[in-house]
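Here is the structure we will look at.
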Amino acid sequence: MHFFSNCYNRLQGRRGWLLLVLLALLVLSGWNLSRLDIEDTIVAMLPDGESQVARDFELLQQSPFARKVVIHLRADSTAAVPLLNATTAQLREALPEPWFVDPLSGPVQIHPQRLLNDLLESLPLLLDEGDLAQLEQRLDDEGVELTLAENLSELLQPQGIFVRERIRRDPFSLYLAALDKLRSVNPLPEVRIEGRFFVSHDGLSRMILADTPVVITDADGAKQLLDAFEQARQSLPAGISAELISGHAYTLANAEVIQSDMRTLLLVSGGGLLLLFVLLIGKLRAVPVLLLPFFSVAAALLVVSLFANQVSGITIGFGAVVLGITIDFALHVYFALARRGSERPEMLRLVARPVVFGGLTTLAAFSVLAFSDLPGQRQLGLFAGAGIVAAVLLALLVLPHFIPRTAAVVPGVRLNGKRSLLVRFPAVRYGVIGLWAALCGTSLLMLPQLSFNGELRQLGYLPDQLQQAEKSLNQAWGDVRGRAMIVVSASDLEQLLRHNEQVWQVLGDQQLQSEAVSLAPLLLSERTRQQRIANWQQFWQQHQAPTAERLADLGTGYGFSSRAFAPFFDHLEQIPAPTDLTALESWGLGELVHALLQEDENGYRLITLLPDRPEQIAALLQPDVLPAGTVLVSQGVFADQLAQEIVADFYQFMSFAGLAVVLLLGMLFRRVTDVVVALLPALTGLLVLLGGMAWLGLELNLFNVIASLLIIGLGVDYGIFMVCHGQSKEDLASVRAVLVSGLSTLIGFGALTLAQHPALFSIGLTLLLGISAAMPTAILVLPALRRQQQ
């Protein structure tokens, strides 16, 4: 590594120029950062392209209620119920634009008689073969007589005068079967309609649904939306509460808790690192060591900005955390050079070897992210790679010119050399090896209990207030936001409707039609429309004459004239108008129709909603159950798929990173024993990490996978420095460097365990477990395993 010693000689006396270069780096990085579009969404951490997980996540965002703002009003007692309707109307009118668009507290106003007439006109289209079969059983003498008795009883009621024409037009009450078809598009199974209000089954709740232009992942817009709602609900009377449930509330809660966590963590970790440096280094002139990660981050931002105009906020945030480990390179250079009497160019040449190869192995560990299916991880790989390269170059080319020639001493027990405890007391050596072996063995036994979690909500922060609001919503209205979807797509509407009818038939075979929300019973393909009309005409060609005769003969006994039901028979041969989109909109179903039937540049998409029960979803996912081209999207299935992606990525990353690291170590040491010894800290850290998570009942998630790469990078670095330290005739102060870098990492990342946000806490705990095992392995176990102690 004569290159770095030569560079040191050439750059001596040019600290001013080096400072200008660093300042230019900061200015360029800041300027490019101001131009970058920072994306603050979890989408970047999900597979993209044509993967099934990416497709399912996109479809989940199209769920009708996923894009709605839901406001749940509830009376705390029956005494407040009389105020509910008026309060709901008042709040609906108070919701300000542009944050709330077209708020609805009930169905749109429709004329009941007009709807009834339209349903009666559409009976040939709405009644399927099963309905006609049931009707046929009612057309014998017994069935007709029972029908006449029911009609007479209804006419004798006080409301009889209002139903007279309906009975003449529909003596068999076929309109009830038509109304039953309307129930198939009811997304609120626990709702009833009173006036123009949605009313819960217990009568204590009302609901307002509204659209909003605010994107769910827009934290600033979410805050303005929730502030507007908070202002609108200030006038609620005592005894009535109102809660807003939407993705915006979760976005804002996560953004606020992350900001709070970062303030706390910066204070705790910054104070801890400063205290550590004061105690173990005690030199203000070591400040350049602390500054190196900031310049590394600046360089990484500059490189990323050259390749992308939009960068995930998760990439920048987590990438900055990753580059916190680059202080290790600076520490090794600092401890090696900051010694009285040392020949700096020669010491720099010696320390450059482990620093360069440590950087290369860390770079190799993160380079595997370039092959990830997750765009955020690919960006992180580029970000971390650029930062690591910059950190190595800064540590070896720039930092040496800012390190004073003073002794850098860390008080404590000597762990290397002829007078070390491990040499003088073999029992200590064997005790260290025994404890290490016991720890590894225990962790290995715990591995089968480790599980993988792909549930996205587990990675986000869910405050108690939102949990309670969602629980109250589900109790009052059912699980309106957590349903599975069956999605059919086609380039033309006719093909789409045919596929949707096939799906409806499958749901019938699975006994799921009564719980599903679908347009299939109402919005018919042209082929089905013609078939229904033919079935209707054929049915009445066979049954019209005997039915008319029975009604006339038996009707006289109940006071009905022979022409009482003439309007019914007069309409049997009429061809009804199609129940198309225009008809459904006139029935007050326009809002729901447009939520379920979607159109884009690729054609049409039609959604069917059904309960997300594992056993039912599993039955529908069996081969050849659903028609070809149909997609079933379930939050539970999505979590399982994402967990499978995590497992696949984990094994892929570990395999490729491990192979790359072993090859680099082979190039560095050229001895199998040295390679194995250098790998021990990383392997021990990974083993304790996974075993410790299993023992604590924690599950591996997206962020744990990335954090595991940090364990590999740091652990291998520790191993390289300790092996090189044992091979070198000069004291490279590697034990002190590994100790300080390990403690600084534990303080920095360990502070994350104070975070309220689950993802940050998960990262902190992961690294705390891994580094707590990797660092002692490097400092204690590796010297104990060496055959000869220096």
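FYI, nothing fancy with the structure tokens labels: chains A, B, ... in order, residues from 1 per chain, ligands from 1 as they appear.
Near Leu665 (chain A), within 9 Å and counting only C-alpha atoms, sit Phe357, Thr361, Ala660, Val661, Val662, Leu668, Phe669, Arg670, Arg671, Asp674, Val675, Val676, Ala678, Leu679 and Ile720 of chain A, not including residues fewer than 3 positions from it in the same chain.
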Using all heavy atoms, can you export the residues from the last selection as a compact mmCIF listing (two decimals), in the first residue's frame?
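To be explicit, this is the file written out as again00.txt:
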# COMPACT_ATOMS: atom_id res chain seq x y z
N PHE A 357 -8.97 -3.24 2.73
CA PHE A 357 -9.68 -4.50 2.60
C PHE A 357 -10.93 -4.51 3.49
O PHE A 357 -11.94 -5.15 3.16
CB PHE A 357 -8.76 -5.67 2.92
CG PHE A 357 -7.98 -6.13 1.74
CD1 PHE A 357 -6.74 -5.57 1.45
CD2 PHE A 357 -8.48 -7.10 0.88
CE1 PHE A 357 -6.01 -5.99 0.34
CE2 PHE A 357 -7.76 -7.52 -0.23
CZ PHE A 357 -6.52 -6.96 -0.49
N THR A 361 -14.56 -5.26 1.89
CA THR A 361 -15.48 -6.30 2.37
C THR A 361 -16.83 -5.69 2.75
O THR A 361 -17.88 -6.28 2.46
CB THR A 361 -14.90 -7.04 3.58
OG1 THR A 361 -14.53 -6.10 4.59
CG2 THR A 361 -13.69 -7.86 3.18
N ALA A 660 -18.51 -13.03 -1.62
CA ALA A 660 -17.64 -11.90 -1.96
C ALA A 660 -16.64 -11.63 -0.85
O ALA A 660 -15.45 -11.37 -1.11
CB ALA A 660 -18.49 -10.66 -2.23
N VAL A 661 -17.11 -11.69 0.40
CA VAL A 661 -16.21 -11.42 1.54
C VAL A 661 -15.13 -12.49 1.63
O VAL A 661 -13.95 -12.18 1.86
CB VAL A 661 -17.03 -11.35 2.84
CG1 VAL A 661 -16.12 -11.42 4.06
CG2 VAL A 661 -17.86 -10.07 2.88
N VAL A 662 -15.49 -13.76 1.46
CA VAL A 662 -14.50 -14.84 1.53
C VAL A 662 -13.45 -14.69 0.44
O VAL A 662 -12.24 -14.88 0.68
CB VAL A 662 -15.20 -16.22 1.43
CG1 VAL A 662 -14.18 -17.33 1.22
CG2 VAL A 662 -16.02 -16.48 2.67
N LEU A 668 -6.54 -11.22 0.56
CA LEU A 668 -5.78 -10.48 1.56
C LEU A 668 -4.83 -11.37 2.33
O LEU A 668 -3.63 -11.05 2.48
CB LEU A 668 -6.75 -9.78 2.52
CG LEU A 668 -6.14 -9.07 3.72
CD1 LEU A 668 -5.21 -7.94 3.26
CD2 LEU A 668 -7.23 -8.53 4.63
N PHE A 669 -5.28 -12.50 2.83
CA PHE A 669 -4.49 -13.31 3.76
C PHE A 669 -3.82 -14.52 3.10
O PHE A 669 -2.78 -14.99 3.58
CB PHE A 669 -5.37 -13.79 4.93
CG PHE A 669 -5.88 -12.67 5.79
CD1 PHE A 669 -7.24 -12.49 5.98
CD2 PHE A 669 -5.01 -11.78 6.39
CE1 PHE A 669 -7.72 -11.47 6.77
CE2 PHE A 669 -5.48 -10.75 7.19
CZ PHE A 669 -6.83 -10.58 7.37
N ARG A 670 -4.46 -15.09 2.08
CA ARG A 670 -3.91 -16.23 1.34
C ARG A 670 -3.69 -17.46 2.23
O ARG A 670 -2.91 -18.34 1.89
CB ARG A 670 -2.59 -15.85 0.65
CG ARG A 670 -2.73 -14.68 -0.30
CD ARG A 670 -1.42 -14.34 -0.97
NE ARG A 670 -1.55 -13.14 -1.77
CZ ARG A 670 -2.04 -13.10 -3.02
NH1 ARG A 670 -2.43 -14.23 -3.59
NH2 ARG A 670 -2.11 -11.97 -3.67
N ARG A 671 -4.32 -17.48 3.39
CA ARG A 671 -4.26 -18.65 4.28
C ARG A 671 -5.66 -18.93 4.79
O ARG A 671 -6.37 -18.03 5.26
CB ARG A 671 -3.32 -18.39 5.46
CG ARG A 671 -1.85 -18.36 5.10
CD ARG A 671 -1.01 -18.08 6.33
NE ARG A 671 -1.26 -19.09 7.37
CZ ARG A 671 -0.77 -19.01 8.60
NH1 ARG A 671 -0.02 -17.98 8.96
NH2 ARG A 671 -1.04 -19.94 9.48
N ASP A 674 -6.34 -17.98 8.49
CA ASP A 674 -6.52 -16.54 8.73
C ASP A 674 -7.87 -16.07 8.21
O ASP A 674 -8.52 -15.21 8.82
CB ASP A 674 -5.40 -15.75 8.04
CG ASP A 674 -4.06 -15.91 8.75
OD1 ASP A 674 -4.08 -16.29 9.95
OD2 ASP A 674 -3.02 -15.67 8.12
N VAL A 675 -8.30 -16.62 7.09
CA VAL A 675 -9.62 -16.26 6.55
C VAL A 675 -10.72 -16.67 7.52
O VAL A 675 -11.64 -15.89 7.82
CB VAL A 675 -9.84 -16.92 5.17
CG1 VAL A 675 -11.29 -16.74 4.73
CG2 VAL A 675 -8.89 -16.33 4.14
N VAL A 676 -10.63 -17.89 8.03
CA VAL A 676 -11.65 -18.37 8.97
C VAL A 676 -11.66 -17.52 10.24
O VAL A 676 -12.73 -17.13 10.73
CB VAL A 676 -11.41 -19.86 9.31
CG1 VAL A 676 -12.36 -20.30 10.42
CG2 VAL A 676 -11.59 -20.72 8.07
N ALA A 678 -10.69 -14.43 10.60
CA ALA A 678 -11.21 -13.10 10.30
C ALA A 678 -12.73 -13.09 10.15
O ALA A 678 -13.39 -12.07 10.40
CB ALA A 678 -10.57 -12.55 9.03
N LEU A 679 -13.31 -14.23 9.77
CA LEU A 679 -14.76 -14.32 9.61
C LEU A 679 -15.50 -14.54 10.93
O LEU A 679 -16.72 -14.31 11.00
CB LEU A 679 -15.11 -15.47 8.66
CG LEU A 679 -14.85 -15.24 7.17
CD1 LEU A 679 -15.08 -16.53 6.39
CD2 LEU A 679 -15.78 -14.15 6.63
N ILE A 720 -10.55 -8.46 10.23
CA ILE A 720 -9.40 -8.09 9.40
C ILE A 720 -8.36 -7.34 10.23
O ILE A 720 -7.15 -7.63 10.18
CB ILE A 720 -9.86 -7.24 8.20
CG1 ILE A 720 -10.60 -8.12 7.18
CG2 ILE A 720 -8.67 -6.55 7.54
CD1 ILE A 720 -11.20 -7.34 6.03
Which of region 46-264 of chain A DSSP labels strand (DSSP E or B), written as a PyMOL selection string: chain A and resi 69-75+101-104+191-194+197-200+205-211+240-245
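The neighbours of Val297 (chain A) here are the residues that come within 6 Å of it, using only C-alpha atoms and leaving out any residue fewer than 3 positions away in the same chain; they are Phe294, Ala300 and Gly387 of chain A.
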Using N, CA and C atoms, can you write the selected residues to a file as a tab-separated table (two decimals), in the first residue's frame?
chain	number	residue	atom	x	y	z
A	294	PHE	N	-19.68	12.61	8.30
A	294	PHE	CA	-20.49	13.66	7.67
A	294	PHE	C	-20.04	13.91	6.24
A	300	ALA	N	-21.77	10.58	-0.61
A	300	ALA	CA	-22.78	9.61	-1.04
A	300	ALA	C	-23.98	10.31	-1.66
A	387	GLY	N	-20.59	6.04	-0.14
A	387	GLY	CA	-20.13	6.57	1.14
A	387	GLY	C	-18.96	5.80	1.70
Leu524 (chain A) surroundings by only C-alpha atoms, 12 Å radius, close-in-sequence under 2 positions cut, as a VMD selection string: chain A and resid 122 124 to 128 493 to 502 504 518 to 522 526 to 533 577 to 581 583 to 584
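Counting from CA of Asp479 (chain A), the distance to CA of Pro107 (chain A) is 19.6 Å.
What separates CA of Gly770 (chain A) from CA of Gly713 (chain A) is a distance of 11.2 Å.
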Helix (DSSP H, G or I) positions in region 205-406 of chain A, given as number ranges by chain: A: 219-235, 247-280, 284-307, 313-337, 344-371, 375-402
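Taking CA of Leu73 (chain A) and CA of Leu179 (chain A) as the two end points, the separation is 28.2 Å.
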Neighbour list for Ser489 (chain A) as an MDAnalysis selection string, cut-off 10 Å, only C-alpha atoms, skip fewer than 5 positions in-chain: chainID A and resid 495:497 499:500 597:599 602:607 629:631
Produce a file of the selected residues containing all heavy atoms, as a CSV table (one decimal), in the first residue's frame.
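That gives us part-v5.csv:
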chain,number,residue,atom,x,y,z
A,495,GLN,N,-65.7,-8.2,-22.2
A,495,GLN,CA,-64.9,-9.3,-21.7
A,495,GLN,C,-64.7,-9.2,-20.1
A,495,GLN,O,-64.7,-10.2,-19.4
A,495,GLN,CB,-63.5,-9.2,-22.3
A,495,GLN,CG,-62.6,-10.4,-22.0
A,495,GLN,CD,-61.2,-10.2,-22.6
A,495,GLN,OE1,-60.9,-9.2,-23.2
A,495,GLN,NE2,-60.4,-11.3,-22.5
A,496,LEU,N,-64.6,-8.0,-19.6
A,496,LEU,CA,-64.5,-7.8,-18.2
A,496,LEU,C,-65.7,-8.3,-17.5
A,496,LEU,O,-65.6,-9.0,-16.4
A,496,LEU,CB,-64.3,-6.3,-17.9
A,496,LEU,CG,-64.1,-5.9,-16.5
A,496,LEU,CD1,-62.7,-6.1,-16.0
A,496,LEU,CD2,-64.5,-4.5,-16.2
A,497,LEU,N,-66.9,-8.0,-18.0
A,497,LEU,CA,-68.1,-8.4,-17.3
A,497,LEU,C,-68.3,-9.9,-17.3
A,497,LEU,O,-68.8,-10.6,-16.4
A,497,LEU,CB,-69.3,-7.7,-17.9
A,497,LEU,CG,-69.3,-6.2,-17.8
A,497,LEU,CD1,-70.6,-5.6,-18.5
A,497,LEU,CD2,-69.3,-5.8,-16.3
A,499,HIS,N,-65.8,-12.2,-17.3
A,499,HIS,CA,-64.9,-12.7,-16.3
A,499,HIS,C,-65.4,-12.5,-14.9
A,499,HIS,O,-65.3,-13.4,-14.0
A,499,HIS,CB,-63.5,-12.0,-16.4
A,499,HIS,CG,-62.8,-12.5,-17.7
A,499,HIS,ND1,-61.6,-11.8,-18.1
A,499,HIS,CD2,-63.0,-13.4,-18.6
A,499,HIS,CE1,-61.2,-12.4,-19.2
A,499,HIS,NE2,-62.0,-13.4,-19.5
A,500,ASN,N,-66.0,-11.3,-14.7
A,500,ASN,CA,-66.6,-11.0,-13.4
A,500,ASN,C,-67.7,-12.0,-13.0
A,500,ASN,O,-67.9,-12.4,-11.9
A,500,ASN,CB,-67.1,-9.6,-13.3
A,500,ASN,CG,-67.3,-9.1,-11.9
A,500,ASN,OD1,-66.4,-9.3,-11.0
A,500,ASN,ND2,-68.4,-8.5,-11.7
A,597,LEU,N,-65.6,-0.3,-10.3
A,597,LEU,CA,-65.3,-0.4,-11.7
A,597,LEU,C,-64.3,0.8,-12.0
A,597,LEU,O,-64.7,1.9,-12.0
A,597,LEU,CB,-66.5,-0.3,-12.5
A,597,LEU,CG,-66.4,-0.3,-14.1
A,597,LEU,CD1,-65.7,-1.6,-14.5
A,597,LEU,CD2,-67.7,-0.2,-14.8
A,598,GLN,N,-63.1,0.4,-12.4
A,598,GLN,CA,-62.1,1.4,-12.6
A,598,GLN,C,-61.5,1.3,-14.0
A,598,GLN,O,-61.5,0.2,-14.6
A,598,GLN,CB,-60.9,1.3,-11.6
A,598,GLN,CG,-61.4,1.4,-10.2
A,598,GLN,CD,-60.4,0.9,-9.2
A,598,GLN,OE1,-59.2,0.6,-9.5
A,598,GLN,NE2,-60.7,0.8,-7.9
A,599,GLU,N,-61.2,2.4,-14.6
A,599,GLU,CA,-60.7,2.5,-16.0
A,599,GLU,C,-59.4,3.2,-16.0
A,599,GLU,O,-59.2,4.3,-15.3
A,599,GLU,CB,-61.7,3.1,-16.9
A,599,GLU,CG,-61.3,3.1,-18.4
A,599,GLU,CD,-62.3,3.8,-19.3
A,599,GLU,OE1,-63.3,4.3,-18.7
A,599,GLU,OE2,-62.1,3.8,-20.5
A,602,ASN,N,-54.8,1.1,-19.7
A,602,ASN,CA,-54.7,-0.3,-20.1
A,602,ASN,C,-56.0,-1.0,-20.2
A,602,ASN,O,-56.1,-2.1,-20.7
A,602,ASN,CB,-53.9,-1.1,-19.0
A,602,ASN,CG,-52.4,-0.5,-18.9
A,602,ASN,OD1,-51.8,-0.2,-19.9
A,602,ASN,ND2,-51.9,-0.5,-17.7
A,603,GLY,N,-57.1,-0.3,-19.9
A,603,GLY,CA,-58.4,-1.0,-20.0
A,603,GLY,C,-59.2,-0.8,-18.8
A,603,GLY,O,-59.2,0.2,-18.1
A,604,TYR,N,-60.0,-1.9,-18.4
A,604,TYR,CA,-60.9,-1.8,-17.3
A,604,TYR,C,-60.4,-2.8,-16.2
A,604,TYR,O,-59.8,-3.8,-16.4
A,604,TYR,CB,-62.3,-2.2,-17.7
A,604,TYR,CG,-62.9,-1.3,-18.7
A,604,TYR,CD1,-62.8,-1.5,-20.1
A,604,TYR,CD2,-63.6,-0.2,-18.3
A,604,TYR,CE1,-63.4,-0.6,-21.0
A,604,TYR,CE2,-64.2,0.7,-19.2
A,604,TYR,CZ,-64.1,0.5,-20.5
A,604,TYR,OH,-64.6,1.3,-21.4
A,605,ARG,N,-60.8,-2.5,-14.9
A,605,ARG,CA,-60.6,-3.3,-13.8
A,605,ARG,C,-61.8,-3.3,-12.9
A,605,ARG,O,-62.4,-2.3,-12.6
A,605,ARG,CB,-59.4,-2.8,-13.0
A,605,ARG,CG,-59.0,-3.6,-11.8
A,605,ARG,CD,-57.6,-3.2,-11.3
A,605,ARG,NE,-57.5,-1.8,-11.0
A,605,ARG,CZ,-56.5,-1.0,-11.5
A,605,ARG,NH1,-55.6,-1.5,-12.3
A,605,ARG,NH2,-56.5,0.3,-11.2
A,606,LEU,N,-62.3,-4.5,-12.5
A,606,LEU,CA,-63.5,-4.6,-11.7
A,606,LEU,C,-63.1,-5.4,-10.4
A,606,LEU,O,-62.5,-6.4,-10.4
A,606,LEU,CB,-64.5,-5.4,-12.4
A,606,LEU,CG,-66.0,-5.4,-11.9
A,606,LEU,CD1,-66.4,-3.9,-11.7
A,606,LEU,CD2,-66.9,-6.0,-12.9
A,607,ILE,N,-63.6,-4.8,-9.3
A,607,ILE,CA,-63.2,-5.3,-7.9
A,607,ILE,C,-64.4,-6.0,-7.3
A,607,ILE,O,-65.5,-5.5,-7.3
A,607,ILE,CB,-62.6,-4.2,-7.1
A,607,ILE,CG1,-61.3,-3.6,-7.7
A,607,ILE,CG2,-62.4,-4.7,-5.6
A,607,ILE,CD1,-60.8,-2.4,-7.0
A,629,GLY,N,-56.4,-15.2,-15.3
A,629,GLY,CA,-56.4,-13.8,-15.4
A,629,GLY,C,-57.0,-13.0,-14.2
A,629,GLY,O,-57.0,-11.8,-14.2
A,630,THR,N,-57.5,-13.8,-13.3
A,630,THR,CA,-58.1,-13.2,-12.1
A,630,THR,C,-57.0,-13.1,-11.0
A,630,THR,O,-56.3,-14.1,-10.8
A,630,THR,CB,-59.3,-14.0,-11.6
A,630,THR,OG1,-60.3,-14.0,-12.7
A,630,THR,CG2,-60.0,-13.3,-10.4
A,631,VAL,N,-57.0,-12.0,-10.2
A,631,VAL,CA,-56.1,-11.8,-9.2
A,631,VAL,C,-56.8,-11.7,-7.8
A,631,VAL,O,-57.7,-10.9,-7.7
A,631,VAL,CB,-55.2,-10.6,-9.4
A,631,VAL,CG1,-54.2,-10.4,-8.2
A,631,VAL,CG2,-54.5,-10.7,-10.7
Nearest to Gly247 (chain A) by atom-to-atom distance, counting only C-alpha atoms, from A:Asp118, A:Ala370, A:Val69, A:Glu601: A:Val69
Shortest interatomic distance to Ala437 (chain A) - which of A:Leu146, A:Leu123, A:Val688, A:Ala89, counting only C-alpha atoms: A:Val688
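Here the question is which of A:Ile747, A:Ile706, A:Ile216, A:Ile617 gets nearest to Leu252 (chain A) using only C-alpha atoms, and that residue is A:Ile216.
When only C-alpha atoms are used to compute distances to Thr326 (chain A), the closest of the residues A:Leu765, A:Leu686, A:Leu291, A:Val304 turns out to be A:Leu291.
For the residues A:Leu265, A:Ile240, A:Trp99, A:Phe569, ranking by smallest atom-to-atom distance to Gly221 (chain A) using only C-alpha atoms places A:Trp99 first.
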Of the listed residues A:Ser514, A:Ser772, A:Ser260, A:Ser472, that which approaches Leu754 (chain A) most closely, counting only C-alpha atoms: A:Ser260
Using only C-alpha atoms, which residues sit within 6 Å of Gly750 (chain A) once same-chain residues fewer than 3 positions away are excluded, as a CSV table (one decimal) with C-alpha atoms, in the first residue's frame?
chain,number,residue,atom,x,y,z
A,746,LEU,CA,-23.1,0.2,20.3
A,747,ILE,CA,-23.9,3.7,21.6
A,753,THR,CA,-33.7,0.8,21.1
A,764,GLY,CA,-31.4,-0.8,17.0
A,768,LEU,CA,-27.2,-4.2,19.5
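Taking only C-alpha atoms, the non-local environment of Pro463 (chain A) within 12 Å (same-chain residues fewer than 3 positions away omitted) comprises Ala249, Tyr250, Thr251, Leu252, Ala253, Asn254, Glu256, Val257, Arg457, Gly460, Leu466, Gln467, Gln468, Ala469, Glu470, Gln756, His757 and Pro758 of chain A.
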